[in-house]
$ cat work_33.cif   # mmCIF, N, CA and C atoms
data_data
loop_
_atom_site.label_atom_id
_atom_site.label_comp_id
_atom_site.auth_asym_id
_atom_site.auth_seq_id
_atom_site.Cartn_x
_atom_site.Cartn_y
_atom_site.Cartn_z
N MET A 889 -65.01 -162.53 -70.01
CA MET A 889 -65.20 -163.71 -70.80
C MET A 889 -66.09 -164.70 -70.07
N VAL A 890 -65.95 -164.78 -68.77
CA VAL A 890 -66.74 -165.69 -67.97
C VAL A 890 -68.21 -165.26 -67.99
N ALA A 891 -68.51 -163.97 -68.00
CA ALA A 891 -69.88 -163.46 -68.01
C ALA A 891 -70.57 -163.76 -69.33
N PHE A 892 -69.82 -163.97 -70.40
CA PHE A 892 -70.39 -164.23 -71.72
C PHE A 892 -71.04 -165.61 -71.78
N ARG A 893 -70.50 -166.58 -71.08
CA ARG A 893 -71.03 -167.94 -71.12
C ARG A 893 -72.46 -168.02 -70.63
N PRO A 894 -72.84 -167.41 -69.51
CA PRO A 894 -74.23 -167.48 -69.08
C PRO A 894 -75.18 -166.81 -70.07
N VAL A 895 -74.76 -165.71 -70.69
CA VAL A 895 -75.60 -165.03 -71.66
C VAL A 895 -75.78 -165.91 -72.90
N ALA A 896 -74.70 -166.53 -73.36
CA ALA A 896 -74.76 -167.41 -74.53
C ALA A 896 -75.65 -168.61 -74.23
N ALA A 897 -75.53 -169.15 -73.03
CA ALA A 897 -76.36 -170.30 -72.65
C ALA A 897 -77.83 -169.90 -72.58
N LEU A 898 -78.10 -168.72 -72.05
CA LEU A 898 -79.46 -168.21 -71.98
C LEU A 898 -80.05 -168.01 -73.38
N ALA A 899 -79.28 -167.43 -74.30
CA ALA A 899 -79.73 -167.21 -75.67
C ALA A 899 -79.97 -168.56 -76.38
N ALA A 900 -79.09 -169.49 -76.20
CA ALA A 900 -79.24 -170.81 -76.82
C ALA A 900 -80.49 -171.51 -76.27
N GLY A 901 -80.74 -171.36 -74.97
CA GLY A 901 -81.94 -171.95 -74.37
C GLY A 901 -83.21 -171.32 -74.89
N ALA A 902 -83.20 -170.02 -75.07
CA ALA A 902 -84.38 -169.32 -75.59
C ALA A 902 -84.67 -169.76 -77.02
N ILE A 903 -83.64 -169.92 -77.82
CA ILE A 903 -83.82 -170.39 -79.20
C ILE A 903 -84.33 -171.83 -79.20
N ALA A 904 -83.74 -172.67 -78.39
CA ALA A 904 -84.15 -174.08 -78.32
C ALA A 904 -85.61 -174.20 -77.87
N ALA A 905 -86.04 -173.32 -76.98
CA ALA A 905 -87.42 -173.37 -76.50
C ALA A 905 -88.41 -173.03 -77.62
N GLN A 906 -87.98 -172.26 -78.62
CA GLN A 906 -88.86 -171.88 -79.72
C GLN A 906 -88.94 -172.95 -80.82
N LEU A 907 -88.03 -173.88 -80.87
CA LEU A 907 -88.02 -174.90 -81.93
C LEU A 907 -89.30 -175.72 -81.99
N PRO A 908 -89.87 -176.18 -80.88
CA PRO A 908 -91.14 -176.91 -81.00
C PRO A 908 -92.26 -176.06 -81.61
N LEU A 909 -92.31 -174.79 -81.26
CA LEU A 909 -93.31 -173.90 -81.84
C LEU A 909 -93.08 -173.77 -83.34
N PHE A 910 -91.84 -173.60 -83.75
CA PHE A 910 -91.49 -173.50 -85.16
C PHE A 910 -91.90 -174.78 -85.89
N GLY A 911 -91.67 -175.93 -85.27
CA GLY A 911 -92.06 -177.22 -85.86
C GLY A 911 -93.56 -177.33 -86.03
N LEU A 912 -94.32 -176.85 -85.07
CA LEU A 912 -95.78 -176.90 -85.17
C LEU A 912 -96.30 -176.02 -86.30
N VAL A 913 -95.68 -174.87 -86.49
CA VAL A 913 -96.08 -173.98 -87.58
C VAL A 913 -95.84 -174.68 -88.91
N LEU A 914 -94.68 -175.31 -89.06
CA LEU A 914 -94.38 -176.02 -90.30
C LEU A 914 -95.34 -177.19 -90.50
N GLN A 915 -95.63 -177.92 -89.44
CA GLN A 915 -96.55 -179.05 -89.57
C GLN A 915 -97.94 -178.58 -89.93
N GLY A 916 -98.32 -177.43 -89.46
CA GLY A 916 -99.63 -176.88 -89.80
C GLY A 916 -99.73 -176.51 -91.27
N GLN A 917 -98.61 -176.21 -91.92
CA GLN A 917 -98.62 -175.84 -93.32
C GLN A 917 -98.70 -177.06 -94.23
N VAL A 918 -98.17 -178.19 -93.84
CA VAL A 918 -98.14 -179.37 -94.70
C VAL A 918 -99.54 -179.86 -95.05
N PRO A 919 -100.47 -180.03 -94.10
CA PRO A 919 -101.80 -180.46 -94.49
C PRO A 919 -102.49 -179.46 -95.43
N ALA A 920 -102.23 -178.18 -95.26
CA ALA A 920 -102.85 -177.19 -96.14
C ALA A 920 -102.36 -177.39 -97.57
N LEU A 921 -101.09 -177.73 -97.73
CA LEU A 921 -100.56 -177.97 -99.06
C LEU A 921 -101.17 -179.23 -99.65
N GLN A 922 -101.34 -180.25 -98.86
CA GLN A 922 -101.93 -181.49 -99.36
C GLN A 922 -103.38 -181.27 -99.74
N ALA A 923 -104.11 -180.47 -99.00
CA ALA A 923 -105.51 -180.25 -99.29
C ALA A 923 -105.71 -179.43 -100.56
N ALA A 924 -104.67 -178.72 -100.99
CA ALA A 924 -104.79 -177.90 -102.19
C ALA A 924 -104.76 -178.72 -103.46
N LEU A 925 -104.39 -179.99 -103.36
CA LEU A 925 -104.33 -180.83 -104.55
C LEU A 925 -105.69 -181.45 -104.82
N GLY A 926 -106.02 -181.64 -106.06
CA GLY A 926 -107.30 -182.23 -106.43
C GLY A 926 -108.23 -181.19 -106.99
N TRP A 927 -109.39 -181.61 -107.43
CA TRP A 927 -110.34 -180.70 -108.06
C TRP A 927 -111.64 -180.68 -107.26
N SER A 928 -112.40 -179.63 -107.43
CA SER A 928 -113.66 -179.50 -106.70
C SER A 928 -114.77 -180.33 -107.33
N THR A 929 -114.55 -180.81 -108.55
CA THR A 929 -115.52 -181.68 -109.23
C THR A 929 -114.84 -182.96 -109.64
N THR A 930 -115.61 -184.03 -109.79
CA THR A 930 -115.07 -185.30 -110.23
C THR A 930 -114.74 -185.21 -111.72
N PRO A 931 -113.52 -185.60 -112.11
CA PRO A 931 -113.19 -185.59 -113.53
C PRO A 931 -114.14 -186.51 -114.32
N LYS A 932 -114.44 -186.11 -115.56
CA LYS A 932 -115.40 -186.87 -116.36
C LYS A 932 -114.86 -187.14 -117.76
N CYS A 933 -115.45 -188.13 -118.41
CA CYS A 933 -115.09 -188.51 -119.77
C CYS A 933 -116.29 -188.38 -120.69
N VAL A 934 -116.02 -188.16 -121.96
CA VAL A 934 -117.04 -188.13 -123.00
C VAL A 934 -116.58 -189.00 -124.16
N PHE A 935 -117.52 -189.50 -124.96
CA PHE A 935 -117.20 -190.22 -126.19
C PHE A 935 -116.96 -189.16 -127.25
N LYS A 936 -115.76 -189.15 -127.81
CA LYS A 936 -115.35 -188.09 -128.73
C LYS A 936 -116.26 -187.96 -129.95
N ASN A 937 -116.77 -189.06 -130.47
CA ASN A 937 -117.53 -189.02 -131.72
C ASN A 937 -119.02 -189.28 -131.53
N GLY A 938 -119.52 -189.01 -130.36
CA GLY A 938 -120.94 -189.23 -130.08
C GLY A 938 -121.24 -188.99 -128.62
N VAL A 939 -122.02 -189.88 -128.02
CA VAL A 939 -122.35 -189.80 -126.60
C VAL A 939 -122.17 -191.17 -125.96
N CYS A 940 -122.20 -191.21 -124.67
CA CYS A 940 -122.16 -192.48 -123.94
C CYS A 940 -123.60 -192.90 -123.68
N MET A 941 -123.87 -194.19 -123.76
CA MET A 941 -125.22 -194.68 -123.46
C MET A 941 -125.61 -194.35 -122.03
N GLU A 942 -124.62 -194.21 -121.16
CA GLU A 942 -124.86 -193.91 -119.74
C GLU A 942 -125.22 -192.45 -119.51
N GLY A 943 -125.02 -191.60 -120.51
CA GLY A 943 -125.31 -190.17 -120.40
C GLY A 943 -124.28 -189.37 -121.18
N ALA A 944 -124.39 -188.07 -121.13
CA ALA A 944 -123.47 -187.21 -121.87
C ALA A 944 -122.04 -187.38 -121.39
N THR A 945 -121.85 -187.61 -120.08
CA THR A 945 -120.52 -187.82 -119.51
C THR A 945 -120.57 -189.01 -118.56
N VAL A 946 -119.40 -189.58 -118.28
CA VAL A 946 -119.26 -190.61 -117.24
C VAL A 946 -118.13 -190.17 -116.31
N GLU A 947 -118.24 -190.49 -115.04
CA GLU A 947 -117.23 -190.12 -114.06
C GLU A 947 -116.00 -190.98 -114.19
N ALA A 948 -114.87 -190.45 -113.74
CA ALA A 948 -113.61 -191.18 -113.74
C ALA A 948 -113.80 -192.51 -113.03
N GLY A 949 -113.25 -193.57 -113.61
CA GLY A 949 -113.36 -194.91 -113.03
C GLY A 949 -114.55 -195.71 -113.55
N LYS A 950 -115.42 -195.09 -114.33
CA LYS A 950 -116.59 -195.79 -114.88
C LYS A 950 -116.35 -196.10 -116.35
N THR A 951 -117.31 -196.75 -116.99
CA THR A 951 -117.18 -197.07 -118.41
C THR A 951 -118.23 -196.35 -119.23
N CYS A 952 -117.91 -196.20 -120.51
CA CYS A 952 -118.79 -195.52 -121.46
C CYS A 952 -119.06 -196.48 -122.61
N MET A 953 -120.32 -196.77 -122.86
CA MET A 953 -120.69 -197.56 -124.03
C MET A 953 -120.98 -196.57 -125.15
N PRO A 954 -120.13 -196.56 -126.20
CA PRO A 954 -120.29 -195.55 -127.24
C PRO A 954 -121.61 -195.67 -128.00
N LYS A 955 -122.18 -194.51 -128.29
CA LYS A 955 -123.43 -194.43 -129.04
C LYS A 955 -123.31 -193.21 -129.96
N CYS A 956 -123.67 -193.39 -131.21
CA CYS A 956 -123.60 -192.28 -132.16
C CYS A 956 -124.70 -191.27 -131.86
N SER A 957 -124.39 -190.00 -132.04
CA SER A 957 -125.38 -188.95 -131.84
C SER A 957 -126.53 -189.08 -132.83
N ASP A 958 -126.21 -189.53 -134.03
CA ASP A 958 -127.20 -189.78 -135.08
C ASP A 958 -127.71 -191.21 -134.88
N ALA A 959 -128.97 -191.35 -134.52
CA ALA A 959 -129.55 -192.67 -134.21
C ALA A 959 -129.55 -193.63 -135.39
N THR A 960 -129.37 -193.12 -136.61
CA THR A 960 -129.35 -194.00 -137.79
C THR A 960 -127.97 -194.62 -138.01
N LYS A 961 -126.99 -194.23 -137.21
CA LYS A 961 -125.63 -194.75 -137.35
C LYS A 961 -125.26 -195.61 -136.15
N SER A 962 -124.30 -196.49 -136.37
CA SER A 962 -123.80 -197.35 -135.29
C SER A 962 -122.30 -197.14 -135.14
N PRO A 963 -121.78 -197.21 -133.91
CA PRO A 963 -120.34 -197.05 -133.71
C PRO A 963 -119.57 -198.16 -134.43
N SER A 964 -118.38 -197.82 -134.90
CA SER A 964 -117.54 -198.81 -135.58
C SER A 964 -117.05 -199.89 -134.62
N ASP A 965 -117.10 -199.64 -133.32
CA ASP A 965 -116.70 -200.62 -132.30
C ASP A 965 -117.65 -200.46 -131.12
N ASN A 966 -118.32 -201.53 -130.74
CA ASN A 966 -119.29 -201.48 -129.64
C ASN A 966 -118.68 -201.86 -128.29
N THR A 967 -117.37 -201.90 -128.20
CA THR A 967 -116.71 -202.24 -126.94
C THR A 967 -116.77 -201.04 -126.00
N SER A 968 -117.04 -201.31 -124.71
CA SER A 968 -117.12 -200.20 -123.75
C SER A 968 -115.75 -199.54 -123.61
N LEU A 969 -115.77 -198.25 -123.36
CA LEU A 969 -114.56 -197.45 -123.21
C LEU A 969 -114.37 -197.13 -121.73
N ALA A 970 -113.17 -197.37 -121.21
CA ALA A 970 -112.89 -197.14 -119.79
C ALA A 970 -112.45 -195.70 -119.56
N CYS A 971 -113.12 -195.02 -118.66
CA CYS A 971 -112.73 -193.68 -118.23
C CYS A 971 -111.72 -193.89 -117.10
N PRO A 972 -110.47 -193.43 -117.27
CA PRO A 972 -109.44 -193.71 -116.26
C PRO A 972 -109.83 -193.23 -114.86
N VAL A 973 -109.40 -193.99 -113.87
CA VAL A 973 -109.65 -193.61 -112.48
C VAL A 973 -108.79 -192.40 -112.13
N SER A 974 -109.19 -191.67 -111.11
CA SER A 974 -108.45 -190.50 -110.65
C SER A 974 -108.46 -190.46 -109.14
N ASN A 975 -107.28 -190.19 -108.56
CA ASN A 975 -107.25 -189.95 -107.11
C ASN A 975 -107.08 -188.47 -106.82
N GLY A 976 -106.72 -187.68 -107.84
CA GLY A 976 -106.61 -186.23 -107.70
C GLY A 976 -105.54 -185.73 -106.76
N LYS A 977 -104.61 -186.61 -106.35
CA LYS A 977 -103.64 -186.21 -105.34
C LYS A 977 -102.26 -185.89 -105.88
N SER A 978 -101.83 -186.59 -106.94
CA SER A 978 -100.49 -186.34 -107.44
C SER A 978 -100.43 -186.60 -108.94
N SER A 979 -99.57 -185.87 -109.59
CA SER A 979 -99.37 -186.01 -111.02
C SER A 979 -98.63 -187.31 -111.30
N PRO A 980 -98.91 -188.02 -112.38
CA PRO A 980 -99.75 -187.64 -113.51
C PRO A 980 -101.21 -188.09 -113.35
N ASP A 981 -101.51 -188.93 -112.36
CA ASP A 981 -102.89 -189.34 -112.07
C ASP A 981 -103.63 -189.82 -113.33
N ASN A 982 -103.04 -190.81 -114.00
CA ASN A 982 -103.61 -191.40 -115.22
C ASN A 982 -103.90 -190.36 -116.30
N GLY A 983 -103.09 -189.32 -116.34
CA GLY A 983 -103.25 -188.28 -117.36
C GLY A 983 -104.21 -187.17 -117.01
N TRP A 984 -104.88 -187.26 -115.86
CA TRP A 984 -105.88 -186.26 -115.49
C TRP A 984 -105.28 -184.89 -115.26
N TRP A 985 -104.03 -184.80 -114.76
CA TRP A 985 -103.45 -183.49 -114.49
C TRP A 985 -103.26 -182.70 -115.78
N LEU A 986 -102.98 -183.39 -116.87
CA LEU A 986 -102.85 -182.69 -118.16
C LEU A 986 -104.21 -182.20 -118.63
N ILE A 987 -105.27 -182.94 -118.33
CA ILE A 987 -106.62 -182.60 -118.78
C ILE A 987 -107.27 -181.58 -117.86
N CYS A 988 -107.22 -181.84 -116.56
CA CYS A 988 -107.90 -180.97 -115.58
C CYS A 988 -107.08 -179.76 -115.17
N GLY A 989 -105.78 -179.88 -115.18
CA GLY A 989 -104.93 -178.81 -114.69
C GLY A 989 -104.72 -178.95 -113.19
N GLN A 990 -103.86 -178.11 -112.65
CA GLN A 990 -103.59 -178.14 -111.22
C GLN A 990 -104.51 -177.17 -110.51
N GLY A 991 -104.69 -177.40 -109.24
CA GLY A 991 -105.48 -176.47 -108.45
C GLY A 991 -106.66 -177.12 -107.77
N THR A 992 -107.49 -176.29 -107.18
CA THR A 992 -108.62 -176.78 -106.41
C THR A 992 -109.95 -176.49 -107.08
N GLY A 993 -109.95 -175.85 -108.23
CA GLY A 993 -111.20 -175.55 -108.92
C GLY A 993 -111.74 -176.76 -109.64
N ALA A 994 -112.72 -176.54 -110.48
CA ALA A 994 -113.32 -177.62 -111.26
C ALA A 994 -112.31 -178.13 -112.28
N CYS A 995 -112.44 -179.39 -112.65
CA CYS A 995 -111.60 -179.97 -113.69
C CYS A 995 -111.81 -179.14 -114.97
N ALA A 996 -110.71 -178.75 -115.63
CA ALA A 996 -110.77 -177.82 -116.75
C ALA A 996 -111.57 -178.33 -117.95
N LYS A 997 -111.49 -179.63 -118.25
CA LYS A 997 -112.23 -180.16 -119.39
C LYS A 997 -112.43 -181.66 -119.22
N ASN A 998 -113.24 -182.23 -120.08
CA ASN A 998 -113.51 -183.66 -120.04
C ASN A 998 -112.47 -184.43 -120.85
N ASN A 999 -112.21 -185.66 -120.44
CA ASN A 999 -111.32 -186.55 -121.16
C ASN A 999 -112.11 -187.15 -122.32
N GLU A 1000 -111.57 -187.05 -123.52
CA GLU A 1000 -112.25 -187.59 -124.70
C GLU A 1000 -111.82 -189.03 -124.94
N LEU A 1001 -112.79 -189.93 -124.97
CA LEU A 1001 -112.53 -191.35 -125.18
C LEU A 1001 -112.88 -191.77 -126.60
N GLY A 1002 -112.27 -192.85 -127.05
CA GLY A 1002 -112.67 -193.49 -128.30
C GLY A 1002 -112.39 -192.71 -129.56
N ALA A 1003 -111.23 -192.10 -129.67
CA ALA A 1003 -110.91 -191.32 -130.87
C ALA A 1003 -110.95 -192.17 -132.14
N ILE A 1004 -110.64 -193.47 -132.00
CA ILE A 1004 -110.64 -194.32 -133.20
C ILE A 1004 -112.00 -194.95 -133.47
N VAL A 1005 -112.93 -194.78 -132.55
CA VAL A 1005 -114.29 -195.30 -132.76
C VAL A 1005 -115.07 -194.23 -133.52
N THR A 1006 -115.56 -194.59 -134.68
CA THR A 1006 -116.27 -193.62 -135.52
C THR A 1006 -117.74 -194.00 -135.67
N CYS A 1007 -118.48 -193.10 -136.23
CA CYS A 1007 -119.89 -193.33 -136.54
C CYS A 1007 -120.07 -193.19 -138.05
N PRO A 1008 -119.67 -194.24 -138.79
CA PRO A 1008 -119.72 -194.14 -140.25
C PRO A 1008 -121.15 -194.09 -140.77
N ALA A 1009 -121.30 -193.43 -141.90
CA ALA A 1009 -122.61 -193.36 -142.55
C ALA A 1009 -122.96 -194.74 -143.07
N ALA A 1010 -124.25 -195.03 -143.12
CA ALA A 1010 -124.69 -196.31 -143.66
C ALA A 1010 -124.30 -196.39 -145.13
N ALA A 1011 -124.02 -197.59 -145.62
CA ALA A 1011 -123.64 -197.78 -147.02
C ALA A 1011 -124.76 -197.32 -147.92
N LYS A 1012 -124.41 -196.53 -148.94
CA LYS A 1012 -125.41 -196.02 -149.87
C LYS A 1012 -125.41 -196.86 -151.14
N SER A 1013 -126.57 -196.98 -151.71
CA SER A 1013 -126.71 -197.70 -152.97
C SER A 1013 -126.31 -196.76 -154.11
N THR A 1014 -125.51 -197.24 -155.04
CA THR A 1014 -125.09 -196.40 -156.16
C THR A 1014 -126.15 -196.31 -157.24
N SER A 1015 -127.13 -197.21 -157.22
CA SER A 1015 -128.17 -197.19 -158.28
C SER A 1015 -129.34 -196.31 -157.91
N GLY A 1016 -129.38 -195.83 -156.68
CA GLY A 1016 -130.50 -195.03 -156.25
C GLY A 1016 -131.61 -195.88 -155.69
N LEU A 1017 -131.50 -197.20 -155.81
CA LEU A 1017 -132.48 -198.13 -155.25
C LEU A 1017 -131.97 -198.67 -153.93
N PRO A 1018 -132.86 -199.05 -153.06
CA PRO A 1018 -132.40 -199.62 -151.78
C PRO A 1018 -131.64 -200.91 -152.05
N PRO A 1019 -130.67 -201.23 -151.19
CA PRO A 1019 -129.93 -202.48 -151.38
C PRO A 1019 -130.85 -203.69 -151.26
N THR A 1020 -130.55 -204.70 -152.00
CA THR A 1020 -131.35 -205.92 -151.97
C THR A 1020 -130.60 -206.97 -151.19
N THR A 1021 -131.35 -207.89 -150.65
CA THR A 1021 -130.74 -208.99 -149.94
C THR A 1021 -130.93 -210.26 -150.73
N ARG A 1022 -129.96 -211.16 -150.64
CA ARG A 1022 -130.02 -212.42 -151.35
C ARG A 1022 -130.49 -213.49 -150.40
N SER A 1023 -131.29 -214.39 -150.91
CA SER A 1023 -131.80 -215.48 -150.08
C SER A 1023 -130.97 -216.72 -150.26
#
$ encode --input "work_33.cif" --output "structure tokens"
Amino acid sequence: MVAFRPVAALAAGAIAAQLPLFGLVLQGQVPALQAALGWSTTPKCVFKNGVCMEGATVEAGKTCMPKCSDATKSPSDNTSLACPVSNGKSSPDNGWWLICGQGTGACAKNNELGAIVTCPAAAKSTSGLPPTTRS
């Protein structure tokens, strides 16, 4: 029984000596998990019923001034549309995780802005003549 104590102490010491190594392995895995979050491209927004004056898309955190694809039409609301900011690190990230998906690849799709902003057709004359203006 007395001989068992030195062996047990030796085994406990050997295990204890490995704990710092085990901790370093675990610590090495945590940054890899954190780096896996986010997308390889910046999330972008589009104007659902036309284009943005700034271009076809705007990056997260920027604004989009709606413009109808048909130059003869005007948006029903000329207020700029805000493309939500994204940090890409944790869900829900202003809704981006639902739009882009999880992972490290490119964001899956663009966020559509301004669903209620429309590009109505110009008023048509029922008589077939152009509308007249009153002085």
$ resolve_selection --input "work_33.cif" --expression "the PyMOL selection byres ((chain A and resi 993) around 7)" --output "list of chain:residue names"
A:Gly926, A:Trp927, A:Ser928, A:Thr929, A:Gln990, A:Gly991, A:Thr992, A:Ala994, A:Cys995, A:Ala996
$ resolve_selection --input "work_33.cif" --expression "the PyMOL selection byres ((chain A and resi 933-949) around 7)" --output "PDB file with N, CA and C atoms, in the coordinates of the input"
ATOM      1  N   THR A 930    -115.610-184.030-109.790  1.00  0.00           N
ATOM      2  CA  THR A 930    -115.070-185.300-110.230  1.00  0.00           C
ATOM      3  C   THR A 930    -114.740-185.210-111.720  1.00  0.00           C
ATOM      4  N   PRO A 931    -113.520-185.600-112.110  1.00  0.00           N
ATOM      5  CA  PRO A 931    -113.190-185.590-113.530  1.00  0.00           C
ATOM      6  C   PRO A 931    -114.140-186.510-114.320  1.00  0.00           C
ATOM      7  N   LYS A 932    -114.440-186.110-115.560  1.00  0.00           N
ATOM      8  CA  LYS A 932    -115.400-186.870-116.360  1.00  0.00           C
ATOM      9  C   LYS A 932    -114.860-187.140-117.760  1.00  0.00           C
ATOM     10  N   LYS A 950    -115.420-195.090-114.330  1.00  0.00           N
ATOM     11  CA  LYS A 950    -116.590-195.790-114.880  1.00  0.00           C
ATOM     12  C   LYS A 950    -116.350-196.100-116.350  1.00  0.00           C
ATOM     13  N   THR A 951    -117.310-196.750-116.990  1.00  0.00           N
ATOM     14  CA  THR A 951    -117.180-197.070-118.410  1.00  0.00           C
ATOM     15  C   THR A 951    -118.230-196.350-119.230  1.00  0.00           C
ATOM     16  N   CYS A 952    -117.910-196.200-120.510  1.00  0.00           N
ATOM     17  CA  CYS A 952    -118.790-195.520-121.460  1.00  0.00           C
ATOM     18  C   CYS A 952    -119.060-196.480-122.610  1.00  0.00           C
ATOM     19  N   MET A 953    -120.320-196.770-122.860  1.00  0.00           N
ATOM     20  CA  MET A 953    -120.690-197.560-124.030  1.00  0.00           C
ATOM     21  C   MET A 953    -120.980-196.570-125.150  1.00  0.00           C
ATOM     22  N   PRO A 954    -120.130-196.560-126.200  1.00  0.00           N
ATOM     23  CA  PRO A 954    -120.290-195.550-127.240  1.00  0.00           C
ATOM     24  C   PRO A 954    -121.610-195.670-128.000  1.00  0.00           C
ATOM     25  N   LYS A 955    -122.180-194.510-128.290  1.00  0.00           N
ATOM     26  CA  LYS A 955    -123.430-194.430-129.040  1.00  0.00           C
ATOM     27  C   LYS A 955    -123.310-193.210-129.960  1.00  0.00           C
ATOM     28  N   CYS A 956    -123.670-193.390-131.210  1.00  0.00           N
ATOM     29  CA  CYS A 956    -123.600-192.280-132.160  1.00  0.00           C
ATOM     30  C   CYS A 956    -124.700-191.270-131.860  1.00  0.00           C
ATOM     31  N   SER A 957    -124.390-190.000-132.040  1.00  0.00           N
ATOM     32  CA  SER A 957    -125.380-188.950-131.840  1.00  0.00           C
ATOM     33  C   SER A 957    -126.530-189.080-132.830  1.00  0.00           C
ATOM     34  N   ASP A 958    -126.210-189.530-134.030  1.00  0.00           N
ATOM     35  CA  ASP A 958    -127.200-189.780-135.080  1.00  0.00           C
ATOM     36  C   ASP A 958    -127.710-191.210-134.880  1.00  0.00           C
ATOM     37  N   ALA A 970    -113.170-197.370-121.210  1.00  0.00           N
ATOM     38  CA  ALA A 970    -112.890-197.140-119.790  1.00  0.00           C
ATOM     39  C   ALA A 970    -112.450-195.700-119.560  1.00  0.00           C
ATOM     40  N   CYS A 971    -113.120-195.020-118.660  1.00  0.00           N
ATOM     41  CA  CYS A 971    -112.730-193.680-118.230  1.00  0.00           C
ATOM     42  C   CYS A 971    -111.720-193.890-117.100  1.00  0.00           C
ATOM     43  N   PRO A 972    -110.470-193.430-117.270  1.00  0.00           N
ATOM     44  CA  PRO A 972    -109.440-193.710-116.260  1.00  0.00           C
ATOM     45  C   PRO A 972    -109.830-193.230-114.860  1.00  0.00           C
ATOM     46  N   VAL A 973    -109.400-193.990-113.870  1.00  0.00           N
ATOM     47  CA  VAL A 973    -109.650-193.610-112.480  1.00  0.00           C
ATOM     48  C   VAL A 973    -108.790-192.400-112.130  1.00  0.00           C
ATOM     49  N   SER A 974    -109.190-191.670-111.110  1.00  0.00           N
ATOM     50  CA  SER A 974    -108.450-190.500-110.650  1.00  0.00           C
ATOM     51  C   SER A 974    -108.460-190.460-109.140  1.00  0.00           C
ATOM     52  N   ASN A 998    -113.240-182.230-120.080  1.00  0.00           N
ATOM     53  CA  ASN A 998    -113.510-183.660-120.040  1.00  0.00           C
ATOM     54  C   ASN A 998    -112.470-184.430-120.850  1.00  0.00           C
ATOM     55  N   ASN A 999    -112.210-185.660-120.440  1.00  0.00           N
ATOM     56  CA  ASN A 999    -111.320-186.550-121.160  1.00  0.00           C
ATOM     57  C   ASN A 999    -112.110-187.150-122.320  1.00  0.00           C
ATOM     58  N   GLU A1000    -111.570-187.050-123.520  1.00  0.00           N
ATOM     59  CA  GLU A1000    -112.250-187.590-124.700  1.00  0.00           C
ATOM     60  C   GLU A1000    -111.820-189.030-124.940  1.00  0.00           C
ATOM     61  N   LEU A1001    -112.790-189.930-124.970  1.00  0.00           N
ATOM     62  CA  LEU A1001    -112.530-191.350-125.180  1.00  0.00           C
ATOM     63  C   LEU A1001    -112.880-191.770-126.600  1.00  0.00           C
ATOM     64  N   GLY A1002    -112.270-192.850-127.050  1.00  0.00           N
ATOM     65  CA  GLY A1002    -112.670-193.490-128.300  1.00  0.00           C
ATOM     66  C   GLY A1002    -112.390-192.710-129.560  1.00  0.00           C
ATOM     67  N   ALA A1003    -111.230-192.100-129.670  1.00  0.00           N
ATOM     68  CA  ALA A1003    -110.910-191.320-130.870  1.00  0.00           C
ATOM     69  C   ALA A1003    -110.950-192.170-132.140  1.00  0.00           C
ATOM     70  N   VAL A1005    -112.930-194.780-132.550  1.00  0.00           N
ATOM     71  CA  VAL A1005    -114.290-195.300-132.760  1.00  0.00           C
ATOM     72  C   VAL A1005    -115.070-194.230-133.520  1.00  0.00           C
ATOM     73  N   THR A1006    -115.560-194.590-134.680  1.00  0.00           N
ATOM     74  CA  THR A1006    -116.270-193.620-135.520  1.00  0.00           C
ATOM     75  C   THR A1006    -117.740-194.000-135.670  1.00  0.00           C
ATOM     76  N   CYS A1007    -118.480-193.100-136.230  1.00  0.00           N
ATOM     77  CA  CYS A1007    -119.890-193.330-136.540  1.00  0.00           C
ATOM     78  C   CYS A1007    -120.070-193.190-138.050  1.00  0.00           C
TER      79      CYS A1007
END
$ select_by_dssp --input "work_33.cif" --residues "range 913-984 of chain A" --states "strand (DSSP E)" --output "list of chain:residue names"
A:Lys932, A:Cys933, A:Val934, A:Phe935, A:Val939, A:Cys940, A:Val946, A:Glu947, A:Thr951, A:Cys952, A:Pro954, A:Lys955, A:Leu969, A:Ala970
$ write_last_selection --input "work_33.cif" --atoms "N, CA and C atoms" --output "CSV table (one decimal), keeping the file's coordinate frame"
chain,number,residue,atom,x,y,z
A,932,LYS,N,-114.4,-186.1,-115.6
A,932,LYS,CA,-115.4,-186.9,-116.4
A,932,LYS,C,-114.9,-187.1,-117.8
A,933,CYS,N,-115.4,-188.1,-118.4
A,933,CYS,CA,-115.1,-188.5,-119.8
A,933,CYS,C,-116.3,-188.4,-120.7
A,934,VAL,N,-116.0,-188.2,-122.0
A,934,VAL,CA,-117.0,-188.1,-123.0
A,934,VAL,C,-116.6,-189.0,-124.2
A,935,PHE,N,-117.5,-189.5,-125.0
A,935,PHE,CA,-117.2,-190.2,-126.2
A,935,PHE,C,-117.0,-189.2,-127.2
A,939,VAL,N,-122.0,-189.9,-128.0
A,939,VAL,CA,-122.4,-189.8,-126.6
A,939,VAL,C,-122.2,-191.2,-126.0
A,940,CYS,N,-122.2,-191.2,-124.7
A,940,CYS,CA,-122.2,-192.5,-123.9
A,940,CYS,C,-123.6,-192.9,-123.7
A,946,VAL,N,-119.4,-189.6,-118.3
A,946,VAL,CA,-119.3,-190.6,-117.2
A,946,VAL,C,-118.1,-190.2,-116.3
A,947,GLU,N,-118.2,-190.5,-115.0
A,947,GLU,CA,-117.2,-190.1,-114.1
A,947,GLU,C,-116.0,-191.0,-114.2
A,951,THR,N,-117.3,-196.8,-117.0
A,951,THR,CA,-117.2,-197.1,-118.4
A,951,THR,C,-118.2,-196.4,-119.2
A,952,CYS,N,-117.9,-196.2,-120.5
A,952,CYS,CA,-118.8,-195.5,-121.5
A,952,CYS,C,-119.1,-196.5,-122.6
A,954,PRO,N,-120.1,-196.6,-126.2
A,954,PRO,CA,-120.3,-195.6,-127.2
A,954,PRO,C,-121.6,-195.7,-128.0
A,955,LYS,N,-122.2,-194.5,-128.3
A,955,LYS,CA,-123.4,-194.4,-129.0
A,955,LYS,C,-123.3,-193.2,-130.0
A,969,LEU,N,-115.8,-198.2,-123.4
A,969,LEU,CA,-114.6,-197.4,-123.2
A,969,LEU,C,-114.4,-197.1,-121.7
A,970,ALA,N,-113.2,-197.4,-121.2
A,970,ALA,CA,-112.9,-197.1,-119.8
A,970,ALA,C,-112.4,-195.7,-119.6
